[in-house]
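*Asks:* What follows is the file protein_17.cif, containing mmCIF, C-alpha atoms:
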data_my_file
loop_
_atom_site.label_atom_id
_atom_site.label_comp_id
_atom_site.auth_asym_id
_atom_site.auth_seq_id
_atom_site.Cartn_x
_atom_site.Cartn_y
_atom_site.Cartn_z
CA MET H 4 45.92 10.67 -6.24
CA THR H 5 43.07 12.61 -7.71
CA GLY H 6 39.49 13.64 -7.15
CA SER H 7 37.41 16.18 -5.23
CA ILE H 8 34.78 15.43 -2.59
CA VAL H 9 31.57 17.29 -1.79
CA HIS H 10 29.46 16.03 1.10
CA GLY H 11 26.57 17.09 3.28
CA GLU H 12 22.86 16.64 3.91
CA ASN H 13 20.24 17.24 1.19
CA ILE H 14 22.91 18.48 -1.22
CA LEU H 15 21.31 16.84 -4.26
CA GLU H 16 18.83 19.70 -4.13
CA GLN H 17 21.73 21.87 -5.32
CA ILE H 18 23.25 19.30 -7.67
CA HIS H 19 23.31 21.51 -10.79
CA LEU H 20 25.13 24.31 -8.97
CA LEU H 21 27.61 21.81 -7.57
CA LEU H 22 28.33 20.21 -10.92
CA ARG H 23 28.70 23.55 -12.70
CA ARG H 24 31.17 24.63 -10.02
CA TYR H 25 33.41 21.78 -11.19
CA GLY H 26 32.81 22.41 -14.90
CA PHE H 27 30.15 19.75 -15.53
CA TYR H 28 27.13 20.93 -17.55
CA ALA H 29 23.92 18.99 -18.18
CA ASP H 30 24.03 19.03 -21.97
CA GLU H 31 27.57 17.59 -22.02
CA GLY H 32 27.14 14.51 -19.81
CA LEU H 33 25.28 11.25 -19.41
CA ALA H 34 23.71 10.15 -16.12
CA ILE H 35 23.41 6.42 -15.47
CA HIS H 36 21.32 4.80 -12.76
CA GLY H 37 19.92 1.53 -11.51
CA SER H 38 16.36 0.78 -10.53
CA GLY H 39 14.50 1.98 -7.46
CA ILE H 40 15.78 5.04 -5.63
CA SER H 41 18.55 5.89 -8.10
CA ARG H 42 16.07 6.08 -10.98
CA LYS H 43 13.78 8.28 -8.89
CA LEU H 44 16.67 10.59 -8.09
CA VAL H 45 17.56 10.92 -11.78
CA ASP H 46 13.91 11.66 -12.60
CA SER H 47 13.84 14.30 -9.86
CA TYR H 48 17.23 15.98 -10.14
CA PHE H 49 18.51 15.18 -13.65
CA LYS H 50 15.42 15.88 -15.75
CA GLU H 51 17.39 17.89 -18.33
CA TRP H 52 20.01 15.18 -18.78
CA ASP H 53 20.42 12.32 -21.18
CA SER H 54 20.25 9.26 -18.96
CA SER H 55 20.48 5.49 -19.16
CA GLY H 56 19.52 2.70 -16.77
CA ILE H 57 21.69 -0.37 -16.22
CA ASP H 58 20.69 -3.76 -14.83
CA ASP H 59 24.03 -5.33 -13.94
CA SER H 60 27.78 -4.71 -13.86
CA THR H 61 29.03 -6.93 -16.68
CA PHE H 62 31.53 -6.49 -19.51
CA ASP H 63 28.60 -6.53 -21.94
CA THR H 64 26.98 -3.66 -20.02
CA VAL H 65 30.21 -1.69 -20.15
CA LYS H 66 30.46 -2.18 -23.92
CA GLU H 67 26.87 -1.08 -24.45
CA LEU H 68 27.39 1.96 -22.27
CA GLU H 69 30.57 2.91 -24.13
CA GLY H 70 28.52 3.18 -27.31
CA ILE H 71 26.06 5.51 -25.62
CA VAL H 72 28.48 7.79 -23.79
CA LYS H 73 31.37 8.05 -26.26
CA TYR H 74 30.12 11.35 -27.67
CA LYS H 75 29.68 12.91 -24.23
CA ARG H 76 32.24 14.89 -22.26
CA PHE H 77 31.77 13.09 -18.93
CA LEU H 78 29.77 10.40 -17.14
CA VAL H 79 27.81 10.60 -13.88
CA ALA H 80 26.74 7.47 -11.99
CA ILE H 81 23.95 7.65 -9.41
CA GLY H 82 23.31 4.43 -7.52
CA GLY H 83 24.85 1.55 -5.63
CA GLY H 84 28.05 -0.39 -6.16
CA LYS H 85 27.11 -1.99 -9.50
CA VAL H 86 26.18 1.36 -11.04
CA ILE H 87 29.27 3.13 -9.68
CA ASP H 88 31.62 0.35 -10.83
CA THR H 89 30.08 0.16 -14.30
CA GLY H 90 30.31 3.91 -14.74
CA LYS H 91 33.85 4.06 -13.40
CA VAL H 92 35.18 1.36 -15.73
CA THR H 93 33.29 2.74 -18.75
CA ALA H 94 34.58 6.27 -18.18
CA GLY H 95 38.09 4.94 -17.61
CA ASN H 96 38.02 2.94 -20.85
CA LEU H 97 37.02 6.07 -22.79
CA GLY H 98 39.26 8.49 -20.89
CA LEU H 99 36.27 10.51 -19.67
CA PRO H 100 35.92 12.29 -16.32
CA PHE H 101 33.72 10.36 -13.92
CA VAL H 102 31.40 11.68 -11.19
CA SER H 103 30.38 9.26 -8.43
CA ILE H 104 27.08 9.86 -6.58
CA PRO H 105 26.45 6.82 -4.38
CA THR H 106 22.99 6.24 -2.94
CA THR H 107 24.40 3.93 -0.28
CA LEU H 108 27.77 2.96 1.20
CA SER H 109 28.03 -0.76 0.48
CA ASN H 110 31.77 -0.81 -0.35
CA ASP H 111 34.90 1.33 -0.83
CA GLY H 112 34.41 1.58 -4.59
CA ILE H 113 32.88 5.04 -4.17
CA PHE H 114 36.35 6.64 -4.44
CA SER H 115 38.70 3.84 -5.45
CA PRO H 116 40.44 3.10 -8.78
CA ILE H 117 38.98 -0.42 -8.76
CA GLY H 118 35.78 -1.44 -10.54
CA VAL H 119 34.29 -4.92 -10.06
CA ILE H 120 32.79 -6.19 -13.33
CA LYS H 121 31.38 -9.66 -14.00
CA LYS H 122 32.76 -11.87 -16.76
CA ASN H 123 30.94 -15.17 -17.29
CA HIS H 124 29.18 -14.60 -13.96
CA THR H 125 32.53 -14.23 -12.15
CA PRO H 126 33.45 -10.81 -10.63
CA GLU H 127 36.78 -9.37 -11.84
CA SER H 128 38.55 -6.39 -10.29
CA ILE H 129 39.53 -3.84 -12.96
CA LEU H 130 42.13 -1.15 -12.28
CA THR H 131 40.90 2.12 -13.78
CA LYS H 132 40.75 5.85 -13.03
CA PRO H 133 39.16 6.93 -9.74
CA PRO H 134 36.26 9.40 -9.73
CA GLU H 135 37.12 12.98 -10.54
CA LEU H 136 34.32 14.09 -8.23
CA LEU H 137 32.55 12.28 -5.37
CA ILE H 138 29.24 13.68 -4.12
CA LEU H 139 27.87 12.27 -0.87
CA ASP H 140 24.36 13.18 0.24
CA TYR H 141 24.12 11.76 3.74
CA SER H 142 20.35 12.15 3.83
CA ILE H 143 19.97 9.86 0.82
CA ILE H 144 22.57 7.39 2.08
CA ARG H 145 21.04 7.15 5.55
CA SER H 146 17.71 6.12 4.04
CA SER H 147 19.26 3.25 2.05
CA PRO H 148 18.61 -0.39 3.10
CA LYS H 149 20.39 -1.36 6.31
CA GLU H 150 21.78 -4.50 4.67
CA LEU H 151 23.73 -2.35 2.19
CA LEU H 152 25.13 -0.14 4.96
CA LEU H 153 26.14 -3.28 6.89
CA ALA H 154 27.99 -4.38 3.74
CA GLY H 155 29.89 -1.10 3.74
CA ILE H 156 30.74 -1.62 7.40
CA GLY H 157 32.06 -5.10 6.64
CA ASP H 158 34.07 -3.92 3.64
CA LEU H 159 35.75 -1.17 5.68
CA ILE H 160 36.48 -3.32 8.74
CA SER H 161 38.01 -5.95 6.45
CA ASN H 162 40.89 -3.54 5.83
CA LEU H 163 42.20 -4.48 9.27
CA SER H 164 42.63 -8.07 8.07
CA ALA H 165 44.05 -6.99 4.71
CA ILE H 166 46.80 -4.93 6.36
CA LEU H 167 47.74 -7.84 8.63
CA ASP H 168 48.17 -9.95 5.49
CA TRP H 169 50.21 -7.26 3.77
CA LYS H 170 52.55 -6.89 6.76
CA LEU H 171 52.97 -10.66 6.89
CA ALA H 172 53.80 -10.74 3.18
CA VAL H 173 56.40 -8.00 3.65
CA LYS H 174 57.92 -9.83 6.64
CA LEU H 175 58.27 -13.01 4.57
CA LYS H 176 59.61 -11.03 1.57
CA LYS H 177 56.55 -11.92 -0.51
CA ASP H 178 55.63 -8.28 -1.16
CA THR H 179 56.98 -4.75 -0.92
CA GLU H 180 56.15 -2.26 1.81
CA ASP H 181 54.19 0.95 1.31
CA ILE H 182 53.78 2.45 4.77
CA PRO H 183 51.71 5.53 3.78
CA SER H 184 49.15 3.37 1.96
CA MET H 185 49.09 0.86 4.80
CA GLU H 186 48.53 3.58 7.38
CA LEU H 187 45.84 5.33 5.34
CA SER H 188 43.82 2.15 4.91
CA TYR H 189 44.26 0.99 8.52
CA GLU H 190 43.52 4.41 9.99
CA GLY H 191 40.14 4.69 8.25
CA ALA H 192 39.03 1.29 9.53
CA GLU H 193 40.49 1.73 13.01
CA THR H 194 38.82 5.11 13.51
CA PHE H 195 35.49 3.69 12.46
CA LEU H 196 35.90 0.66 14.74
CA ASP H 197 36.37 3.08 17.68
CA THR H 198 33.40 5.31 16.85
CA GLU H 199 30.90 5.85 19.65
CA GLU H 200 28.30 7.44 17.39
CA GLU H 201 24.78 6.03 17.40
CA PRO H 202 24.64 3.28 14.74
CA PHE H 203 23.23 4.53 11.44
CA SER H 204 22.93 8.14 12.64
CA ILE H 205 24.23 10.87 10.33
CA PRO H 206 27.50 11.19 12.33
CA PHE H 207 27.93 7.40 12.13
CA ILE H 208 27.32 7.46 8.37
CA LYS H 209 29.86 10.28 7.99
CA THR H 210 32.52 8.28 9.86
CA LEU H 211 31.80 5.24 7.67
CA ALA H 212 32.04 7.39 4.53
CA HIS H 213 35.34 8.95 5.61
CA GLY H 214 36.79 5.49 6.30
CA LEU H 215 35.72 4.17 2.90
CA ILE H 216 37.19 7.27 1.25
CA LYS H 217 40.53 6.66 2.99
CA SER H 218 40.40 3.08 1.77
CA GLY H 219 39.85 4.33 -1.77
CA LEU H 220 42.67 6.85 -1.43
CA ALA H 221 45.03 4.13 -0.19
CA MET H 222 44.26 2.07 -3.30
CA GLN H 223 44.72 5.14 -5.48
CA ARG H 224 48.09 5.80 -3.90
CA HIS H 225 49.33 2.21 -4.15
CA GLY H 226 47.84 1.53 -7.57
CA SER H 227 46.13 -1.72 -6.61
CA SER H 228 43.61 -3.17 -4.15
CA ARG H 229 46.36 -4.49 -1.85
CA PRO H 230 45.60 -1.96 0.96
CA ALA H 231 42.01 -3.19 1.21
CA SER H 232 42.00 -6.80 0.05
CA GLY H 233 43.51 -9.85 1.70
CA ALA H 234 42.50 -13.32 2.81
CA GLU H 235 39.02 -12.15 3.76
CA HIS H 236 38.36 -10.97 0.18
CA LEU H 237 39.73 -14.24 -1.23
CA ILE H 238 37.28 -16.16 0.97
CA SER H 239 34.47 -13.92 -0.27
CA HIS H 240 35.46 -14.55 -3.90
CA ALA H 241 35.49 -18.29 -3.18
CA LEU H 242 32.03 -18.05 -1.61
CA ASP H 243 30.85 -16.32 -4.79
CA LYS H 244 31.79 -19.47 -6.67
CA ILE H 245 30.52 -21.97 -4.10
CA LEU H 246 27.25 -20.58 -2.78
CA GLU H 247 24.13 -20.93 -4.89
CA LYS H 248 23.13 -17.41 -3.81
CA PRO H 249 26.19 -15.47 -2.61
CA LEU H 250 25.68 -12.75 -0.03
CA ILE H 251 26.55 -9.10 -0.60
CA HIS H 252 30.31 -8.71 -1.05
CA GLY H 253 30.83 -6.55 2.04
CA ILE H 254 28.85 -8.91 4.27
CA GLN H 255 30.99 -11.86 3.16
CA CYS H 256 34.26 -9.91 3.55
CA GLY H 257 33.30 -8.45 6.91
CA PHE H 258 32.28 -11.83 8.28
CA ALA H 259 35.40 -13.56 6.93
CA THR H 260 37.46 -10.90 8.70
CA LEU H 261 36.43 -12.38 12.07
CA PHE H 262 37.97 -15.66 10.93
CA THR H 263 41.11 -14.28 9.30
CA VAL H 264 42.18 -12.04 12.21
CA LEU H 265 41.96 -15.15 14.40
CA LEU H 266 44.26 -16.98 11.97
CA HIS H 267 46.73 -14.15 12.59
CA GLY H 268 46.45 -14.76 16.33
CA GLU H 269 44.85 -11.35 16.92
CA MET H 270 42.36 -12.35 19.62
CA GLY H 271 42.13 -8.81 20.98
CA LEU H 272 41.24 -7.42 17.57
CA PHE H 273 38.73 -10.24 17.03
CA LEU H 274 36.95 -9.37 20.27
CA ARG H 275 36.85 -5.65 19.39
CA ILE H 276 35.39 -6.36 15.95
CA LYS H 277 32.89 -8.87 17.36
CA GLU H 278 31.68 -6.38 19.98
CA PHE H 279 31.34 -3.66 17.33
CA TYR H 280 29.46 -6.00 14.99
CA GLU H 281 27.04 -6.96 17.75
CA ARG H 282 26.40 -3.28 18.44
CA VAL H 283 25.45 -2.54 14.83
CA GLY H 284 23.67 -5.81 14.08
CA PHE H 285 26.32 -7.42 11.86
CA PRO H 286 26.39 -11.26 11.87
CA THR H 287 29.14 -12.86 13.96
CA THR H 288 28.44 -16.60 13.48
CA LEU H 289 27.98 -18.84 10.48
CA GLU H 290 24.41 -19.47 11.54
CA GLN H 291 23.64 -15.74 11.73
CA VAL H 292 25.21 -14.99 8.36
CA GLY H 293 23.51 -18.00 6.76
CA ILE H 294 26.57 -19.83 5.42
CA PRO H 295 26.73 -23.62 6.00
CA GLU H 296 29.95 -24.61 7.78
CA GLU H 297 30.92 -27.10 5.07
CA LYS H 298 30.59 -24.37 2.42
CA PHE H 299 32.74 -21.99 4.45
CA ARG H 300 35.39 -24.68 4.90
CA GLU H 301 35.33 -25.31 1.16
CA ALA H 302 35.76 -21.59 0.50
CA VAL H 303 38.75 -21.38 2.85
CA LYS H 304 40.44 -24.23 0.96
CA LEU H 305 39.72 -22.71 -2.45
CA ALA H 306 40.56 -19.09 -1.56
CA PRO H 307 44.40 -19.12 -1.73
CA PHE H 308 44.30 -20.54 -5.26
CA LEU H 309 42.17 -17.68 -6.60
CA ARG H 310 45.00 -15.17 -6.39
CA PRO H 311 48.25 -17.05 -5.71
CA ASN H 312 50.43 -13.98 -6.28
CA ARG H 313 48.80 -12.06 -3.40
CA PHE H 314 50.27 -13.63 -0.29
CA THR H 315 47.95 -13.90 2.72
CA ILE H 316 47.72 -15.88 5.93
CA LEU H 317 45.85 -18.56 3.95
CA HIS H 318 48.94 -19.25 1.88
CA LYS H 319 50.72 -20.46 5.05
CA ASN H 320 48.26 -23.37 5.35
CA PRO H 321 47.20 -22.35 8.87
CA GLU H 322 45.36 -24.55 11.36
CA ILE H 323 41.74 -23.41 11.05
CA GLU H 324 39.82 -25.41 13.67
CA ASP H 325 40.34 -23.03 16.62
CA ALA H 326 39.30 -20.05 14.50
CA LEU H 327 36.23 -21.88 13.23
CA ASN H 328 35.17 -22.62 16.79
CA TYR H 329 34.77 -18.90 17.46
CA ILE H 330 32.41 -18.31 14.53
CA THR H 331 30.21 -21.42 14.80
#
I need this file expressed as structure tokens, please.

*Replies:*
Amino acid sequence: MTGSIVHGENILEQIHLLLRRYGFYADEGLAIHGSGISRKLVDSYFKEWDSSGIDDSTFDTVKELEGIVKYKRFLVAIGGGKVIDTGKVTAGNLGLPFVSIPTTLSNDGIFSPIGVIKKNHTPESILTKPPELLILDYSIIRSSPKELLLAGIGDLISNLSAILDWKLAVKLKKDTEDIPSMELSYEGAETFLDTEEEPFSIPFIKTLAHGLIKSGLAMQRHGSSRPASGAEHLISHALDKILEKPLIHGIQCGFATLFTVLLHGEMGLFLRIKEFYERVGFPTTLEQVGIPEEKFREAVKLAPFLRPNRFTILHKNPEIEDALNYIT
């Protein structure tokens, strides 16, 4: 495992001191950003830097960025998941150190070795190097759109489903056990599920961040996304293919988790997650999330074929009607 973490409130005001402390100097790096707040932050705090904006996380974008950054010593990404993933994969391809500065917490990619890049409009998970430095400014993150923070909540809670799938695969001799990685991933999600902090307060955001970091560390340790990706992620990937306008990844994964933990027979866990979701304003029914039932059913059927080598509860052809009743 690798990487350092710096976190606090309003710390971007000291960004140059922080970066120099870790050996990163303005004239040696490239800062990339998206639109909106991330561009404003670059204009405010990275005036002396060479910078580049990106529109989407595609293989073409990565190739273009490689041509821009190949003569630099490191790459900094300031923005949401698409910016972070594009920067991470680009830096990994070139063997450059990567600095992650998320403006929101929409998924666990902030500190993981996985970057999601689109190929022919289909997201692909790329194993690469994790960030060498993660900088979290809770003041910036707290001000990000609530929908993105809800996505981060869903992505973290989905680890509880992913670990159930992994344990099932081990039990049926479909996968190998890695207890430290399992525990690290589960612990981050379980601690967050039990938090009593006021939703979207700074302490709440910190707990979410720490859980997502543990998820990233578990993937670093295991060398794949197995600790944080199971049936719920497969359903989300299927929805990406089926829905005309897919929802944010973490929203789809977090919602599918309600369904998949029921398939595992974990009614107690389902009720805990549902109560937590209701407290933070996360959708708990198909109507609330805006997915037609027939589309969700179609996604459940398609999901196990998207990654047949990663065994999940869906690969056992479970009876789904009872579980569906609880989310309709």

*Asks:* Taking 6 positions as the minimum chain separation for residues in the same chain, which residues sit within 9 Å of H:Ser109 when counting all atoms listed in the file? Answer as a PDB file with C-alpha atoms, keeping the file's coordinate frame.

*Replies:*
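Result saved to part16.pdb:
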ATOM      1  CA  GLY H  83      24.850   1.550  -5.630  1.00  0.00           C
ATOM      2  CA  GLY H  84      28.050  -0.390  -6.160  1.00  0.00           C
ATOM      3  CA  GLU H 150      21.780  -4.500   4.670  1.00  0.00           C
ATOM      4  CA  LEU H 151      23.730  -2.350   2.190  1.00  0.00           C
ATOM      5  CA  LEU H 152      25.130  -0.140   4.960  1.00  0.00           C
ATOM      6  CA  LEU H 153      26.140  -3.280   6.890  1.00  0.00           C
ATOM      7  CA  ALA H 154      27.990  -4.380   3.740  1.00  0.00           C
ATOM      8  CA  GLY H 155      29.890  -1.100   3.740  1.00  0.00           C
ATOM      9  CA  ILE H 156      30.740  -1.620   7.400  1.00  0.00           C
ATOM     10  CA  GLY H 157      32.060  -5.100   6.640  1.00  0.00           C
ATOM     11  CA  ASP H 158      34.070  -3.920   3.640  1.00  0.00           C
ATOM     12  CA  ILE H 251      26.550  -9.100  -0.600  1.00  0.00           C
ATOM     13  CA  HIS H 252      30.310  -8.710  -1.050  1.00  0.00           C
ATOM     14  CA  GLY H 253      30.830  -6.550   2.040  1.00  0.00           C
TER      15      GLY H 253
END

*Asks:* Nearest residue to H:Met222 out of H:Pro202, H:Pro116, H:Pro134, H:Pro295, using all atoms listed in the file?

*Replies:*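 That would be H:Pro116, the residue with the smallest distance to H:Met222.
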
*Asks:* If you count all atoms listed in the file, which residues fall within 12 Å of H:Arg275, apart from same-chain ones fewer than 3 positions away, as a PDB file with C-alpha atoms, in the frame of the given file?

*Replies:*
ATOM      1  CA  ILE H 160      36.480  -3.320   8.740  1.00  0.00           C
ATOM      2  CA  LEU H 163      42.200  -4.480   9.270  1.00  0.00           C
ATOM      3  CA  GLU H 193      40.490   1.730  13.010  1.00  0.00           C
ATOM      4  CA  PHE H 195      35.490   3.690  12.460  1.00  0.00           C
ATOM      5  CA  LEU H 196      35.900   0.660  14.740  1.00  0.00           C
ATOM      6  CA  ASP H 197      36.370   3.080  17.680  1.00  0.00           C
ATOM      7  CA  THR H 198      33.400   5.310  16.850  1.00  0.00           C
ATOM      8  CA  THR H 260      37.460 -10.900   8.700  1.00  0.00           C
ATOM      9  CA  LEU H 261      36.430 -12.380  12.070  1.00  0.00           C
ATOM     10  CA  VAL H 264      42.180 -12.040  12.210  1.00  0.00           C
ATOM     11  CA  LEU H 265      41.960 -15.150  14.400  1.00  0.00           C
ATOM     12  CA  GLU H 269      44.850 -11.350  16.920  1.00  0.00           C
ATOM     13  CA  MET H 270      42.360 -12.350  19.620  1.00  0.00           C
ATOM     14  CA  GLY H 271      42.130  -8.810  20.980  1.00  0.00           C
ATOM     15  CA  LEU H 272      41.240  -7.420  17.570  1.00  0.00           C
ATOM     16  CA  GLU H 278      31.680  -6.380  19.980  1.00  0.00           C
ATOM     17  CA  PHE H 279      31.340  -3.660  17.330  1.00  0.00           C
ATOM     18  CA  TYR H 280      29.460  -6.000  14.990  1.00  0.00           C
ATOM     19  CA  GLU H 281      27.040  -6.960  17.750  1.00  0.00           C
ATOM     20  CA  ARG H 282      26.400  -3.280  18.440  1.00  0.00           C
ATOM     21  CA  THR H 287      29.140 -12.860  13.960  1.00  0.00           C
TER      22      THR H 287
END

*Asks:* For the PyMOL selection byres ((chain H and resi 70) around 12), applied here, can you spell out every residue it catches as number ranges by chain?

*Replies:* H: 33, 55, 63-69, 71-75, 93-94, 96-97

*Asks:* For H:Leu246, which of H:His36, H:Arg300, H:Arg42, H:Lys85 is the closest residue, counting only C-alpha atoms?

*Replies:* H:Arg300

*Asks:* Check the smallest atom-to-atom distance from each of H:Pro230, H:Gly37, H:Gly95, H:Pro105 to H:Arg145 using only C-alpha atoms, then report the winner.

*Replies:*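 Ranked by minimum distance to H:Arg145, first place goes to H:Pro105.
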
*Asks:* Suppose you want the space between atom CA of H:Phe77 and atom CA of H:Ile144; what is it in Å?

*Replies:*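 Spanning atom CA of H:Phe77 to atom CA of H:Ile144 is a straight-line distance of 23.6 Å.
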
*Asks:* Applied to the shown file, which residues does the PyMOL selection byres ((chain H and resi 162) around 7) return, written as a PyMOL selection string?

*Replies:* chain H and resi 159-161+163-166+188-189+192+230-232

*Asks:* Take the residues from that selection and put them in a file with C-alpha atoms, as a short mmCIF file (atom, residue, chain, number, x, y, z; two decimals), in the frame of the given file.

*Replies:*
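Contents of result.cif, as written:
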data_model
loop_
_atom_site.label_atom_id
_atom_site.label_comp_id
_atom_site.auth_asym_id
_atom_site.auth_seq_id
_atom_site.Cartn_x
_atom_site.Cartn_y
_atom_site.Cartn_z
CA LEU H 159 35.75 -1.17 5.68
CA ILE H 160 36.48 -3.32 8.74
CA SER H 161 38.01 -5.95 6.45
CA LEU H 163 42.20 -4.48 9.27
CA SER H 164 42.63 -8.07 8.07
CA ALA H 165 44.05 -6.99 4.71
CA ILE H 166 46.80 -4.93 6.36
CA SER H 188 43.82 2.15 4.91
CA TYR H 189 44.26 0.99 8.52
CA ALA H 192 39.03 1.29 9.53
CA PRO H 230 45.60 -1.96 0.96
CA ALA H 231 42.01 -3.19 1.21
CA SER H 232 42.00 -6.80 0.05
#

*Asks:* Name the residues, using the chain letters and numbers of the file, that sit within 12 Å of (33.3, -15.0, -12.6) when counting only C-alpha atoms, and give them as a PyMOL selection string.

*Replies:* chain H and resi 60-62+119-128+240-245+309

*Asks:* Mind pulling up the distance from atom CA of H:Asp140 to atom CA of H:Leu15?

*Replies:* 6.6 Å

*Asks:* Might you pull out every residue within 8 Å of H:Leu266, with only C-alpha atoms counted and same-chain residues fewer than 5 positions away left off, and present them as a list in words?

*Replies:*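 Listing them by chain and then by number gives Ile316, Pro321, Glu322, Ile323 and Ala326 of chain H.
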
*Asks:* Taking all atoms listed in the file into account, which of H:Lys170, H:His19, H:Arg76, H:Lys176 comes nearest H:Glu51?

*Replies:*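 Under the stated criterion, the closest residue is H:His19.
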
*Asks:* Separation of atom CA of H:Glu200 and atom CA of H:Val283, in Å?

*Replies:*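 These two atoms are separated by 10.7 Å.
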
*Asks:* Select, from H:Ile276, H:Thr288, H:Lys304, H:Leu108, the residue with the minimum atom-to-atom distance to H:Phe207, counting all atoms listed in the file.

*Replies:*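 Distance minimum relative to H:Phe207 lands on H:Leu108.
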
*Asks:* Kindly indicate which residue among H:Ile238, H:Ile117, H:Val9, H:Ala34 lies nearest to H:Ala212, using all atoms listed in the file for the distances.

*Replies:*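 Going through H:Ile238, H:Ile117, H:Val9, H:Ala34 one by one, the smallest distance to H:Ala212 is for H:Val9.
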
*Asks:* Which residues match the PyMOL selection byres ((chain H and resi 331) around 6) in the file above, as a tab-separated table (two decimals) with C-alpha atoms, in the frame of the given file?

*Replies:*
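Contents of result_28.tsv, freshly written:
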chain	number	residue	atom	x	y	z
H	288	THR	CA	28.44	-16.60	13.48
H	289	LEU	CA	27.98	-18.84	10.48
H	328	ASN	CA	35.17	-22.62	16.79
H	329	TYR	CA	34.77	-18.90	17.46
H	330	ILE	CA	32.41	-18.31	14.53
